[in-house]
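Participant: What follows is the file structure_0.json, containing JSON, C-alpha atoms and all ligand atoms:
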[["chain", "number", "residue", "atom", "x", "y", "z"],
["C", 17, "MET", "CA", 1.97, 6.27, 15.16],
["C", 18, "ARG", "CA", -0.52, 5.31, 12.46],
["C", 19, "ILE", "CA", 0.76, 5.84, 8.95],
["C", 20, "VAL", "CA", -0.67, 5.38, 5.46],
["C", 21, "LEU", "CA", 2.02, 4.87, 2.81],
["C", 22, "LEU", "CA", 1.14, 5.98, -0.69],
["C", 23, "GLY", "CA", 3.11, 5.51, -3.88],
["C", 24, "PRO", "CA", 2.94, 3.87, -7.28],
["C", 25, "PRO", "CA", 3.80, 0.22, -7.89],
["C", 26, "GLY", "CA", 7.59, 0.06, -7.85],
["C", 27, "SER", "CA", 8.00, 3.06, -5.56],
["C", 28, "GLY", "CA", 9.56, 0.83, -2.92],
["C", 29, "LYS", "CA", 6.88, 1.45, -0.35],
["C", 30, "GLY", "CA", 6.70, -2.22, 0.63],
["C", 31, "THR", "CA", 10.45, -2.25, 1.35],
["C", 32, "GLN", "CA", 10.22, 1.00, 3.29],
["C", 33, "ALA", "CA", 7.20, -0.21, 5.26],
["C", 34, "ALA", "CA", 9.12, -3.32, 6.36],
["C", 35, "LEU", "CA", 12.06, -1.16, 7.51],
["C", 36, "LEU", "CA", 9.73, 1.12, 9.48],
["C", 37, "ARG", "CA", 8.08, -1.90, 11.06],
["C", 38, "ASP", "CA", 11.47, -3.14, 12.30],
["C", 39, "ARG", "CA", 12.67, 0.29, 13.36],
["C", 40, "LEU", "CA", 9.52, 1.64, 15.01],
["C", 41, "GLY", "CA", 7.78, -1.57, 16.08],
["C", 42, "LEU", "CA", 4.68, -0.80, 14.05],
["C", 43, "ALA", "CA", 2.45, -3.46, 12.50],
["C", 44, "HIS", "CA", 3.05, -3.65, 8.73],
["C", 45, "ILE", "CA", -0.25, -4.19, 6.98],
["C", 46, "SER", "CA", 0.30, -4.91, 3.28],
["C", 47, "THR", "CA", -2.92, -5.68, 1.42],
["C", 48, "GLY", "CA", -0.89, -7.01, -1.52],
["C", 49, "LEU", "CA", 0.82, -9.54, 0.77],
["C", 50, "LEU", "CA", -2.44, -10.46, 2.50],
["C", 51, "LEU", "CA", -4.08, -11.02, -0.88],
["C", 52, "ARG", "CA", -1.20, -13.14, -2.21],
["C", 53, "GLU", "CA", -1.43, -15.26, 0.94],
["C", 54, "ALA", "CA", -5.18, -15.70, 0.42],
["C", 55, "VAL", "CA", -4.52, -16.73, -3.20],
["C", 56, "ASP", "CA", -1.84, -19.26, -2.16],
["C", 57, "GLN", "CA", -4.12, -20.73, 0.51],
["C", 58, "ARG", "CA", -7.04, -20.83, -1.93],
["C", 59, "THR", "CA", -9.40, -19.15, 0.52],
["C", 60, "GLU", "CA", -12.74, -17.88, -0.74],
["C", 61, "LEU", "CA", -11.32, -14.36, -0.87],
["C", 62, "GLY", "CA", -8.22, -15.57, -2.69],
["C", 63, "LEU", "CA", -10.26, -17.37, -5.32],
["C", 64, "LYS", "CA", -12.35, -14.26, -5.94],
["C", 65, "ALA", "CA", -9.42, -11.81, -5.91],
["C", 66, "LYS", "CA", -7.01, -13.66, -8.19],
["C", 67, "ARG", "CA", -8.38, -12.64, -11.56],
["C", 68, "TYR", "CA", -8.35, -8.94, -10.65],
["C", 69, "MET", "CA", -4.79, -9.14, -9.38],
["C", 70, "ASP", "CA", -3.59, -11.02, -12.44],
["C", 71, "ALA", "CA", -5.09, -8.30, -14.64],
["C", 72, "GLY", "CA", -3.60, -5.48, -12.53],
["C", 73, "ASP", "CA", -7.09, -4.25, -11.62],
["C", 74, "LEU", "CA", -8.28, -3.34, -8.14],
["C", 75, "VAL", "CA", -9.94, -6.09, -6.18],
["C", 76, "PRO", "CA", -13.54, -4.94, -5.47],
["C", 77, "ASP", "CA", -13.94, -2.59, -2.50],
["C", 78, "ASP", "CA", -16.32, -4.84, -0.55],
["C", 79, "LEU", "CA", -13.82, -7.72, -0.54],
["C", 80, "MET", "CA", -11.02, -5.37, 0.48],
["C", 81, "LEU", "CA", -13.04, -3.86, 3.29],
["C", 82, "GLY", "CA", -13.68, -7.29, 4.80],
["C", 83, "LEU", "CA", -9.96, -8.07, 4.61],
["C", 84, "ILE", "CA", -8.79, -4.80, 6.14],
["C", 85, "GLU", "CA", -11.42, -4.80, 8.88],
["C", 86, "GLU", "CA", -10.34, -8.26, 9.95],
["C", 87, "ARG", "CA", -6.66, -7.26, 9.99],
["C", 88, "LEU", "CA", -7.35, -4.05, 11.89],
["C", 89, "GLY", "CA", -9.19, -6.10, 14.51],
["C", 90, "GLN", "CA", -5.98, -7.88, 15.53],
["C", 91, "PRO", "CA", -4.28, -6.89, 18.80],
["C", 92, "ASP", "CA", -0.93, -5.68, 17.38],
["C", 93, "VAL", "CA", -2.76, -2.78, 15.72],
["C", 94, "SER", "CA", -3.02, -0.92, 19.02],
["C", 95, "ASN", "CA", 0.80, -0.33, 18.94],
["C", 96, "GLY", "CA", 0.44, 1.64, 15.72],
["C", 97, "PHE", "CA", 0.61, 0.52, 12.11],
["C", 98, "ILE", "CA", 1.78, 1.22, 8.60],
["C", 99, "LEU", "CA", -0.79, 0.64, 5.92],
["C", 100, "ASP", "CA", 0.84, -0.36, 2.63],
["C", 101, "GLY", "CA", -1.49, -0.75, -0.36],
["C", 102, "TYR", "CA", -4.66, 0.50, 1.27],
["C", 103, "PRO", "CA", -6.55, 2.76, 0.62],
["C", 104, "ARG", "CA", -6.23, 2.54, -3.16],
["C", 105, "ASN", "CA", -9.19, 4.71, -4.19],
["C", 106, "LEU", "CA", -11.32, 7.42, -2.59],
["C", 107, "ALA", "CA", -14.12, 5.04, -1.57],
["C", 108, "GLN", "CA", -11.57, 2.92, 0.31],
["C", 109, "ALA", "CA", -10.14, 6.04, 1.96],
["C", 110, "GLU", "CA", -13.60, 6.97, 3.25],
["C", 111, "ALA", "CA", -14.37, 3.42, 4.37],
["C", 112, "LEU", "CA", -11.03, 3.31, 6.17],
["C", 113, "ASP", "CA", -11.77, 6.56, 8.02],
["C", 114, "GLN", "CA", -14.97, 5.03, 9.34],
["C", 115, "VAL", "CA", -13.35, 1.78, 10.47],
["C", 116, "LEU", "CA", -10.49, 3.62, 12.18],
["C", 117, "GLU", "CA", -12.84, 6.03, 13.87],
["C", 118, "ARG", "CA", -14.87, 3.13, 15.17],
["C", 119, "ILE", "CA", -11.81, 1.47, 16.71],
["C", 120, "GLY", "CA", -10.43, 4.79, 17.94],
["C", 121, "GLN", "CA", -7.21, 4.58, 15.89],
["C", 122, "PRO", "CA", -7.30, 7.40, 13.33],
["C", 123, "VAL", "CA", -4.49, 7.96, 10.80],
["C", 124, "ASP", "CA", -1.78, 10.39, 11.98],
["C", 125, "LEU", "CA", 0.16, 10.76, 8.77],
["C", 126, "ALA", "CA", 0.09, 9.86, 5.07],
["C", 127, "ILE", "CA", 3.46, 9.60, 3.34],
["C", 128, "SER", "CA", 3.59, 9.67, -0.43],
["C", 129, "VAL", "CA", 6.74, 8.12, -1.91],
["C", 130, "THR", "CA", 7.57, 9.73, -5.23],
["C", 131, "VAL", "CA", 9.69, 8.23, -8.03],
["C", 132, "ASN", "CA", 10.00, 9.10, -11.70],
["C", 133, "GLU", "CA", 8.35, 6.93, -14.29],
["C", 134, "GLY", "CA", 11.47, 5.53, -15.96],
["C", 135, "GLU", "CA", 12.69, 4.27, -12.60],
["C", 136, "ILE", "CA", 9.35, 2.58, -11.89],
["C", 137, "VAL", "CA", 9.40, 0.59, -15.11],
["C", 138, "ASP", "CA", 13.04, -0.44, -14.49],
["C", 139, "ARG", "CA", 12.33, -1.57, -10.95],
["C", 140, "LEU", "CA", 9.19, -3.52, -11.86],
["C", 141, "SER", "CA", 10.86, -5.33, -14.75],
["C", 142, "LYS", "CA", 13.72, -6.24, -12.44],
["C", 143, "ARG", "CA", 11.30, -7.53, -9.80],
["C", 144, "ALA", "CA", 9.54, -9.59, -12.47],
["C", 145, "THR", "CA", 12.79, -11.39, -13.20],
["C", 146, "GLU", "CA", 13.75, -11.82, -9.55],
["C", 147, "GLU", "CA", 10.47, -12.76, -7.89],
["C", 148, "GLY", "CA", 8.38, -14.09, -10.75],
["C", 149, "ARG", "CA", 5.20, -12.45, -9.51],
["C", 150, "SER", "CA", 2.37, -13.28, -11.88],
["C", 151, "ASP", "CA", 1.30, -9.61, -12.09],
["C", 152, "ASP", "CA", 4.73, -8.32, -13.10],
["C", 153, "THR", "CA", 4.35, -8.86, -16.86],
["C", 154, "GLU", "CA", 4.59, -5.85, -19.17],
["C", 155, "ASP", "CA", 0.89, -5.46, -20.04],
["C", 156, "VAL", "CA", -0.19, -5.94, -16.44],
["C", 157, "ILE", "CA", 2.42, -3.48, -15.18],
["C", 158, "ARG", "CA", 1.11, -0.92, -17.66],
["C", 159, "ASN", "CA", -2.44, -1.48, -16.41],
["C", 160, "ARG", "CA", -1.38, -1.22, -12.76],
["C", 161, "LEU", "CA", 0.27, 2.12, -13.49],
["C", 162, "ARG", "CA", -2.88, 3.34, -15.26],
["C", 163, "VAL", "CA", -5.11, 2.20, -12.38],
["C", 164, "TYR", "CA", -2.73, 3.95, -9.99],
["C", 165, "ALA", "CA", -2.88, 7.25, -11.89],
["C", 166, "GLU", "CA", -6.66, 7.19, -12.26],
["C", 167, "GLN", "CA", -7.82, 5.76, -8.95],
["C", 168, "THR", "CA", -5.05, 5.82, -6.37],
["C", 169, "ALA", "CA", -3.26, 9.12, -7.03],
["C", 170, "PRO", "CA", -6.37, 11.11, -5.90],
["C", 171, "VAL", "CA", -6.13, 9.47, -2.45],
["C", 172, "ALA", "CA", -3.21, 11.82, -1.65],
["C", 173, "GLY", "CA", -5.67, 14.72, -1.88],
["C", 174, "HIS", "CA", -7.88, 13.11, 0.74],
["C", 175, "TYR", "CA", -5.04, 13.38, 3.28],
["C", 176, "ALA", "CA", -3.68, 16.69, 1.95],
["C", 177, "GLU", "CA", -7.05, 18.30, 2.73],
["C", 178, "ARG", "CA", -6.46, 17.58, 6.41],
["C", 179, "GLY", "CA", -2.83, 18.63, 6.40],
["C", 180, "GLN", "CA", -1.74, 15.03, 6.94],
["C", 181, "LEU", "CA", 0.15, 14.45, 3.68],
["C", 182, "ARG", "CA", 3.96, 14.49, 3.42],
["C", 183, "GLU", "CA", 6.02, 13.68, 0.32],
["C", 184, "VAL", "CA", 9.23, 11.69, 0.46],
["C", 185, "ASP", "CA", 11.61, 11.43, -2.48],
["C", 186, "GLY", "CA", 11.85, 7.71, -3.27],
["C", 187, "MET", "CA", 14.90, 8.00, -5.55],
["C", 188, "GLY", "CA", 18.28, 6.85, -4.26],
["C", 189, "SER", "CA", 19.30, 3.89, -2.13],
["C", 190, "VAL", "CA", 16.92, 2.01, 0.15],
["C", 191, "GLU", "CA", 18.86, 3.35, 3.16],
["C", 192, "GLU", "CA", 18.73, 6.98, 1.92],
["C", 193, "VAL", "CA", 14.98, 6.78, 1.44],
["C", 194, "HIS", "CA", 14.60, 5.12, 4.85],
["C", 195, "GLN", "CA", 16.45, 8.04, 6.50],
["C", 196, "ARG", "CA", 14.16, 10.52, 4.73],
["C", 197, "MET", "CA", 11.15, 8.60, 5.99],
["C", 198, "LEU", "CA", 12.40, 8.65, 9.58],
["C", 199, "GLU", "CA", 13.03, 12.41, 9.34],
["C", 200, "THR", "CA", 9.58, 13.01, 7.94],
["C", 201, "ILE", "CA", 7.98, 10.99, 10.72],
["C", 202, "ALA", "CA", 10.07, 12.72, 13.39],
["C", 203, "ASN", "CA", 9.01, 16.14, 12.10],
["C", 204, "ALA", "CA", 5.33, 15.30, 11.68],
["C", 301, "LIG", "P1", 1.94, -2.98, -6.22],
["C", 301, "LIG", "O1", 1.94, -1.88, -5.21],
["C", 301, "LIG", "O2", 3.31, -3.33, -6.67],
["C", 301, "LIG", "O3", 0.98, -2.76, -7.34],
["C", 301, "LIG", "P2", 0.60, -4.74, -4.31],
["C", 301, "LIG", "O4", 1.32, -5.92, -3.79],
["C", 301, "LIG", "O5", 0.34, -3.62, -3.37],
["C", 301, "LIG", "O6", 1.45, -4.31, -5.56],
["C", 301, "LIG", "O7", -0.82, -5.19, -4.94],
["C", 301, "LIG", "C1", -0.93, -6.20, -5.91],
["C", 301, "LIG", "C2", -2.37, -6.30, -6.41],
["C", 301, "LIG", "O8", -3.25, -6.61, -5.30],
["C", 301, "LIG", "C3", -2.95, -5.02, -6.99],
["C", 301, "LIG", "O9", -2.63, -4.84, -8.34],
["C", 301, "LIG", "C4", -4.47, -5.26, -6.79],
["C", 301, "LIG", "O10", -5.00, -6.15, -7.74],
["C", 301, "LIG", "C5", -4.51, -5.96, -5.45],
["C", 301, "LIG", "N1", -4.70, -5.01, -4.33],
["C", 301, "LIG", "C6", -3.83, -4.73, -3.32],
["C", 301, "LIG", "N2", -4.34, -3.82, -2.48],
["C", 301, "LIG", "C7", -5.56, -3.49, -2.95],
["C", 301, "LIG", "C8", -6.60, -2.60, -2.55],
["C", 301, "LIG", "N3", -6.46, -1.81, -1.47],
["C", 301, "LIG", "N4", -7.73, -2.54, -3.29],
["C", 301, "LIG", "C9", -7.89, -3.31, -4.36],
["C", 301, "LIG", "N5", -6.97, -4.15, -4.81],
["C", 301, "LIG", "C10", -5.81, -4.27, -4.13]]
Have the structure of the file written as structure tokens, please.
Facilitator:
Amino acid sequence: MRIVLLGPPGSGKGTQAALLRDRLGLAHISTGLLLREAVDQRTELGLKAKRYMDAGDLVPDDLMLGLIEERLGQPDVSNGFILDGYPRNLAQAEALDQVLERIGQPVDLAISVTVNEGEIVDRLSKRATEEGRSDDTEDVIRNRLRVYAEQTAPVAGHYAERGQLREVDGMGSVEEVHQRMLETIANA
């Protein structure tokens, strides 16, 4: 199974992706995690990406494409995967289609995790306190939500056009949402 997870910052999609990885044995590909690793290791990509991440802006598409192509070239990908954080705009969605077609691993399903706005702000502020991520300050959170609404929300339409989009209610406990995800995947 090859799944794209969509949802705003704070929707819990990273948590859900990790649970699906453990449950279904899929590779969890989180571009946010890959980028934070690159930043920590001070790779060329990390050095270039940091200022965009700290501002809550999207890292340029050409850098992201290099990163995702490299990750999708790894052997675990042939057992199926969950993409978490990519694609984040329509250009990335189209680039991804081409890469996946080339490697013969097209997306089966896109799952959009929905949460109301008040909950998002609460969760992100809580994460800021707990994890101390440098992009979890109030101004940057606001920008990330704006970037999401303008650039990432339209990506759902890309998958809806092909009948591949499913919505999952992201409110409630982690376990409740996980069960909804499993049901959605089973019925896909
Ligand atoms: P969140 O979903 O909470 O916003 P992520 O960990 O997915 O956090 O991403 C953190 C930051 O990494 C984003 O704000 C952005 O700067 C960068 N990033 C992650 N994925 C992408 C992507 N596909 N395209 C461009 N930038 C990205």
Participant: Taking a cut-off of 7 Å and counting all atoms listed in the file, can you build a table that, for each residue of chain C near ligand LIG 301 (chain C), reports the nearest atom pair and how far apart they are in Å (one decimal), sorted by chain then residue number, as a tab-separated table?
Facilitator:
residue	atom	partner	partner_atom	distance
C:Pro24	CA	C:LIG301	O1	6.2
C:Pro25	CA	C:LIG301	O2	3.8
C:Gly26	CA	C:LIG301	O2	5.6
C:Ser46	CA	C:LIG301	O5	6.8
C:Thr47	CA	C:LIG301	N2	4.5
C:Gly48	CA	C:LIG301	O4	3.4
C:Leu49	CA	C:LIG301	O4	5.8
C:Leu51	CA	C:LIG301	O8	6.3
C:Tyr68	CA	C:LIG301	O10	5.2
C:Met69	CA	C:LIG301	O10	3.4
C:Asp70	CA	C:LIG301	O10	6.9
C:Gly72	CA	C:LIG301	O9	4.3
C:Asp73	CA	C:LIG301	O10	4.8
C:Leu74	CA	C:LIG301	N5	3.7
C:Val75	CA	C:LIG301	N5	3.8
C:Pro76	CA	C:LIG301	C9	6.0
C:Asp77	CA	C:LIG301	N4	6.3
C:Met80	CA	C:LIG301	N4	5.7
C:Asp100	CA	C:LIG301	O5	6.8
C:Gly101	CA	C:LIG301	O5	4.5
C:Tyr102	CA	C:LIG301	N3	4.0
C:Pro103	CA	C:LIG301	N3	5.0
C:Arg104	CA	C:LIG301	N3	4.7
C:Arg160	CA	C:LIG301	O9	5.8
Participant: For the residues in the current selection, export C-alpha atoms as a PDB file, in the coordinates of the input.
Facilitator:
ATOM      1  CA  PRO C  24       2.940   3.870  -7.280  1.00  0.00           C
ATOM      2  CA  PRO C  25       3.800   0.220  -7.890  1.00  0.00           C
ATOM      3  CA  GLY C  26       7.590   0.060  -7.850  1.00  0.00           C
ATOM      4  CA  SER C  46       0.300  -4.910   3.280  1.00  0.00           C
ATOM      5  CA  THR C  47      -2.920  -5.680   1.420  1.00  0.00           C
ATOM      6  CA  GLY C  48      -0.890  -7.010  -1.520  1.00  0.00           C
ATOM      7  CA  LEU C  49       0.820  -9.540   0.770  1.00  0.00           C
ATOM      8  CA  LEU C  51      -4.080 -11.020  -0.880  1.00  0.00           C
ATOM      9  CA  TYR C  68      -8.350  -8.940 -10.650  1.00  0.00           C
ATOM     10  CA  MET C  69      -4.790  -9.140  -9.380  1.00  0.00           C
ATOM     11  CA  ASP C  70      -3.590 -11.020 -12.440  1.00  0.00           C
ATOM     12  CA  GLY C  72      -3.600  -5.480 -12.530  1.00  0.00           C
ATOM     13  CA  ASP C  73      -7.090  -4.250 -11.620  1.00  0.00           C
ATOM     14  CA  LEU C  74      -8.280  -3.340  -8.140  1.00  0.00           C
ATOM     15  CA  VAL C  75      -9.940  -6.090  -6.180  1.00  0.00           C
ATOM     16  CA  PRO C  76     -13.540  -4.940  -5.470  1.00  0.00           C
ATOM     17  CA  ASP C  77     -13.940  -2.590  -2.500  1.00  0.00           C
ATOM     18  CA  MET C  80     -11.020  -5.370   0.480  1.00  0.00           C
ATOM     19  CA  ASP C 100       0.840  -0.360   2.630  1.00  0.00           C
ATOM     20  CA  GLY C 101      -1.490  -0.750  -0.360  1.00  0.00           C
ATOM     21  CA  TYR C 102      -4.660   0.500   1.270  1.00  0.00           C
ATOM     22  CA  PRO C 103      -6.550   2.760   0.620  1.00  0.00           C
ATOM     23  CA  ARG C 104      -6.230   2.540  -3.160  1.00  0.00           C
ATOM     24  CA  ARG C 160      -1.380  -1.220 -12.760  1.00  0.00           C
TER      25      ARG C 160
END
Participant: Quick one, how far is CA of Lys64 in chain C from CA of Glu85 in chain C?
Facilitator: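 We find that CA of Lys64 in chain C and CA of Glu85 in chain C lie 17.6 Å from each other.
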Participant: Give me, as a list in words, all polymer residues having an atom no more than 6 Å from Val156 in chain C, counting only C-alpha atoms and skipping those fewer than 3 positions away in the same chain.
Facilitator: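 So, after excluding close chain neighbours, the residues are Ala71, Gly72, Asp151, Thr153 and Asn159 of chain C.
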Participant: Which one is closest to Gln114 in chain C: C:Leu81, C:Ile98, C:Asp138, C:Asp56? Count all atoms listed in the file.
Facilitator: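 Result for the nearest residue to Gln114 in chain C: C:Leu81.
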Participant: If we count all atoms listed in the file, what is near range 184-198 of chain C at a cut-off of 9 Å, once residues fewer than 5 positions away on the same chain are taken out, given as a PDB file with C-alpha atoms, in the coordinates of the input?
Facilitator:
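Contents of the output file around18.pdb:
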ATOM      1  CA  SER C  27       8.000   3.060  -5.560  1.00  0.00           C
ATOM      2  CA  GLY C  28       9.560   0.830  -2.920  1.00  0.00           C
ATOM      3  CA  LYS C  29       6.880   1.450  -0.350  1.00  0.00           C
ATOM      4  CA  THR C  31      10.450  -2.250   1.350  1.00  0.00           C
ATOM      5  CA  GLN C  32      10.220   1.000   3.290  1.00  0.00           C
ATOM      6  CA  LEU C  35      12.060  -1.160   7.510  1.00  0.00           C
ATOM      7  CA  LEU C  36       9.730   1.120   9.480  1.00  0.00           C
ATOM      8  CA  ILE C 127       3.460   9.600   3.340  1.00  0.00           C
ATOM      9  CA  SER C 128       3.590   9.670  -0.430  1.00  0.00           C
ATOM     10  CA  VAL C 129       6.740   8.120  -1.910  1.00  0.00           C
ATOM     11  CA  THR C 130       7.570   9.730  -5.230  1.00  0.00           C
ATOM     12  CA  VAL C 131       9.690   8.230  -8.030  1.00  0.00           C
ATOM     13  CA  ASN C 132      10.000   9.100 -11.700  1.00  0.00           C
ATOM     14  CA  GLU C 135      12.690   4.270 -12.600  1.00  0.00           C
ATOM     15  CA  ASN C 203       9.010  16.140  12.100  1.00  0.00           C
TER      16      ASN C 203
END
Participant: Quote the spacing between CA of Thr145 in chain C and CA of Leu21 in chain C in Å to one decimal place.
Facilitator: 25.2 Å
Participant: Could you tell me which of C:Gln167, C:Gln57, C:Gln180, C:Thr200 comes closest to Asp124 in chain C if we count only C-alpha atoms?
Facilitator: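 With only C-alpha atoms as the atom set, the closest residue is C:Gln180.
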Participant: Hey, can you check how far CA of Arg37 in chain C sits from CA of Phe97 in chain C?
Facilitator: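 These atoms are spaced 7.9 Å apart.
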Participant: Taking N, CA, C and O atoms as the atom set, what does range 84-103 of chain C look like once completed, written as a PDB file, keeping the file's coordinate frame?
Facilitator:
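What follows is the written file rebuild.pdb:
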ATOM      1  N   ILE C  84      -9.479  -5.810   5.319  1.00  0.00           N
ATOM      2  CA  ILE C  84      -8.790  -4.800   6.140  1.00  0.00           C
ATOM      3  C   ILE C  84      -9.436  -4.694   7.524  1.00  0.00           C
ATOM      4  O   ILE C  84      -8.751  -4.501   8.523  1.00  0.00           O
ATOM      5  N   GLU C  85     -10.746  -4.858   7.572  1.00  0.00           N
ATOM      6  CA  GLU C  85     -11.420  -4.800   8.880  1.00  0.00           C
ATOM      7  C   GLU C  85     -10.941  -5.941   9.773  1.00  0.00           C
ATOM      8  O   GLU C  85     -10.701  -5.761  10.960  1.00  0.00           O
ATOM      9  N   GLU C  86     -10.796  -7.116   9.163  1.00  0.00           N
ATOM     10  CA  GLU C  86     -10.340  -8.260   9.950  1.00  0.00           C
ATOM     11  C   GLU C  86      -8.914  -8.014  10.471  1.00  0.00           C
ATOM     12  O   GLU C  86      -8.613  -8.241  11.637  1.00  0.00           O
ATOM     13  N   ARG C  87      -8.062  -7.499   9.577  1.00  0.00           N
ATOM     14  CA  ARG C  87      -6.660  -7.260   9.990  1.00  0.00           C
ATOM     15  C   ARG C  87      -6.581  -6.185  11.073  1.00  0.00           C
ATOM     16  O   ARG C  87      -5.810  -6.290  12.018  1.00  0.00           O
ATOM     17  N   LEU C  88      -7.393  -5.144  10.916  1.00  0.00           N
ATOM     18  CA  LEU C  88      -7.350  -4.050  11.890  1.00  0.00           C
ATOM     19  C   LEU C  88      -7.954  -4.454  13.232  1.00  0.00           C
ATOM     20  O   LEU C  88      -7.791  -3.758  14.234  1.00  0.00           O
ATOM     21  N   GLY C  89      -8.631  -5.595  13.260  1.00  0.00           N
ATOM     22  CA  GLY C  89      -9.190  -6.100  14.510  1.00  0.00           C
ATOM     23  C   GLY C  89      -8.172  -6.870  15.345  1.00  0.00           C
ATOM     24  O   GLY C  89      -8.457  -7.263  16.472  1.00  0.00           O
ATOM     25  N   GLN C  90      -6.969  -7.082  14.789  1.00  0.00           N
ATOM     26  CA  GLN C  90      -5.980  -7.880  15.530  1.00  0.00           C
ATOM     27  C   GLN C  90      -5.235  -7.015  16.570  1.00  0.00           C
ATOM     28  O   GLN C  90      -5.091  -5.808  16.386  1.00  0.00           O
ATOM     29  N   PRO C  91      -4.775  -7.648  17.650  1.00  0.00           N
ATOM     30  CA  PRO C  91      -4.280  -6.890  18.800  1.00  0.00           C
ATOM     31  C   PRO C  91      -3.039  -6.028  18.534  1.00  0.00           C
ATOM     32  O   PRO C  91      -2.883  -4.976  19.147  1.00  0.00           O
ATOM     33  N   ASP C  92      -2.164  -6.457  17.598  1.00  0.00           N
ATOM     34  CA  ASP C  92      -0.930  -5.680  17.380  1.00  0.00           C
ATOM     35  C   ASP C  92      -1.199  -4.271  16.845  1.00  0.00           C
ATOM     36  O   ASP C  92      -0.348  -3.388  16.939  1.00  0.00           O
ATOM     37  N   VAL C  93      -2.392  -4.069  16.317  1.00  0.00           N
ATOM     38  CA  VAL C  93      -2.760  -2.780  15.720  1.00  0.00           C
ATOM     39  C   VAL C  93      -2.742  -1.642  16.744  1.00  0.00           C
ATOM     40  O   VAL C  93      -2.479  -0.487  16.412  1.00  0.00           O
ATOM     41  N   SER C  94      -2.965  -1.980  18.004  1.00  0.00           N
ATOM     42  CA  SER C  94      -3.020  -0.920  19.020  1.00  0.00           C
ATOM     43  C   SER C  94      -1.641  -0.302  19.296  1.00  0.00           C
ATOM     44  O   SER C  94      -1.542   0.751  19.913  1.00  0.00           O
ATOM     45  N   ASN C  95      -0.539  -0.936  18.813  1.00  0.00           N
ATOM     46  CA  ASN C  95       0.800  -0.330  18.940  1.00  0.00           C
ATOM     47  C   ASN C  95       1.142   0.604  17.796  1.00  0.00           C
ATOM     48  O   ASN C  95       2.272   1.072  17.702  1.00  0.00           O
ATOM     49  N   GLY C  96       0.179   0.825  16.900  1.00  0.00           N
ATOM     50  CA  GLY C  96       0.440   1.640  15.720  1.00  0.00           C
ATOM     51  C   GLY C  96       0.662   0.761  14.508  1.00  0.00           C
ATOM     52  O   GLY C  96       0.949  -0.430  14.640  1.00  0.00           O
ATOM     53  N   PHE C  97       0.503   1.334  13.325  1.00  0.00           N
ATOM     54  CA  PHE C  97       0.610   0.520  12.110  1.00  0.00           C
ATOM     55  C   PHE C  97       1.027   1.353  10.909  1.00  0.00           C
ATOM     56  O   PHE C  97       0.948   2.579  10.927  1.00  0.00           O
ATOM     57  N   ILE C  98       1.502   0.633   9.905  1.00  0.00           N
ATOM     58  CA  ILE C  98       1.780   1.220   8.600  1.00  0.00           C
ATOM     59  C   ILE C  98       0.903   0.510   7.602  1.00  0.00           C
ATOM     60  O   ILE C  98       1.006  -0.708   7.441  1.00  0.00           O
ATOM     61  N   LEU C  99       0.052   1.240   6.948  1.00  0.00           N
ATOM     62  CA  LEU C  99      -0.790   0.640   5.920  1.00  0.00           C
ATOM     63  C   LEU C  99      -0.085   0.788   4.578  1.00  0.00           C
ATOM     64  O   LEU C  99       0.277   1.888   4.175  1.00  0.00           O
ATOM     65  N   ASP C 100       0.087  -0.329   3.889  1.00  0.00           N
ATOM     66  CA  ASP C 100       0.840  -0.360   2.630  1.00  0.00           C
ATOM     67  C   ASP C 100      -0.069  -1.013   1.575  1.00  0.00           C
ATOM     68  O   ASP C 100      -0.299  -2.216   1.617  1.00  0.00           O
ATOM     69  N   GLY C 101      -0.615  -0.195   0.683  1.00  0.00           N
ATOM     70  CA  GLY C 101      -1.490  -0.750  -0.360  1.00  0.00           C
ATOM     71  C   GLY C 101      -2.964  -0.501  -0.116  1.00  0.00           C
ATOM     72  O   GLY C 101      -3.805  -0.922  -0.911  1.00  0.00           O
ATOM     73  N   TYR C 102      -3.272   0.161   0.955  1.00  0.00           N
ATOM     74  CA  TYR C 102      -4.660   0.500   1.270  1.00  0.00           C
ATOM     75  C   TYR C 102      -4.661   1.840   1.971  1.00  0.00           C
ATOM     76  O   TYR C 102      -3.831   2.021   2.882  1.00  0.00           O
ATOM     77  N   PRO C 103      -5.510   2.796   1.641  1.00  0.00           N
ATOM     78  CA  PRO C 103      -6.550   2.760   0.620  1.00  0.00           C
ATOM     79  C   PRO C 103      -6.002   3.015  -0.789  1.00  0.00           C
ATOM     80  O   PRO C 103      -5.036   3.726  -0.965  1.00  0.00           O
TER      81      PRO C 103
END
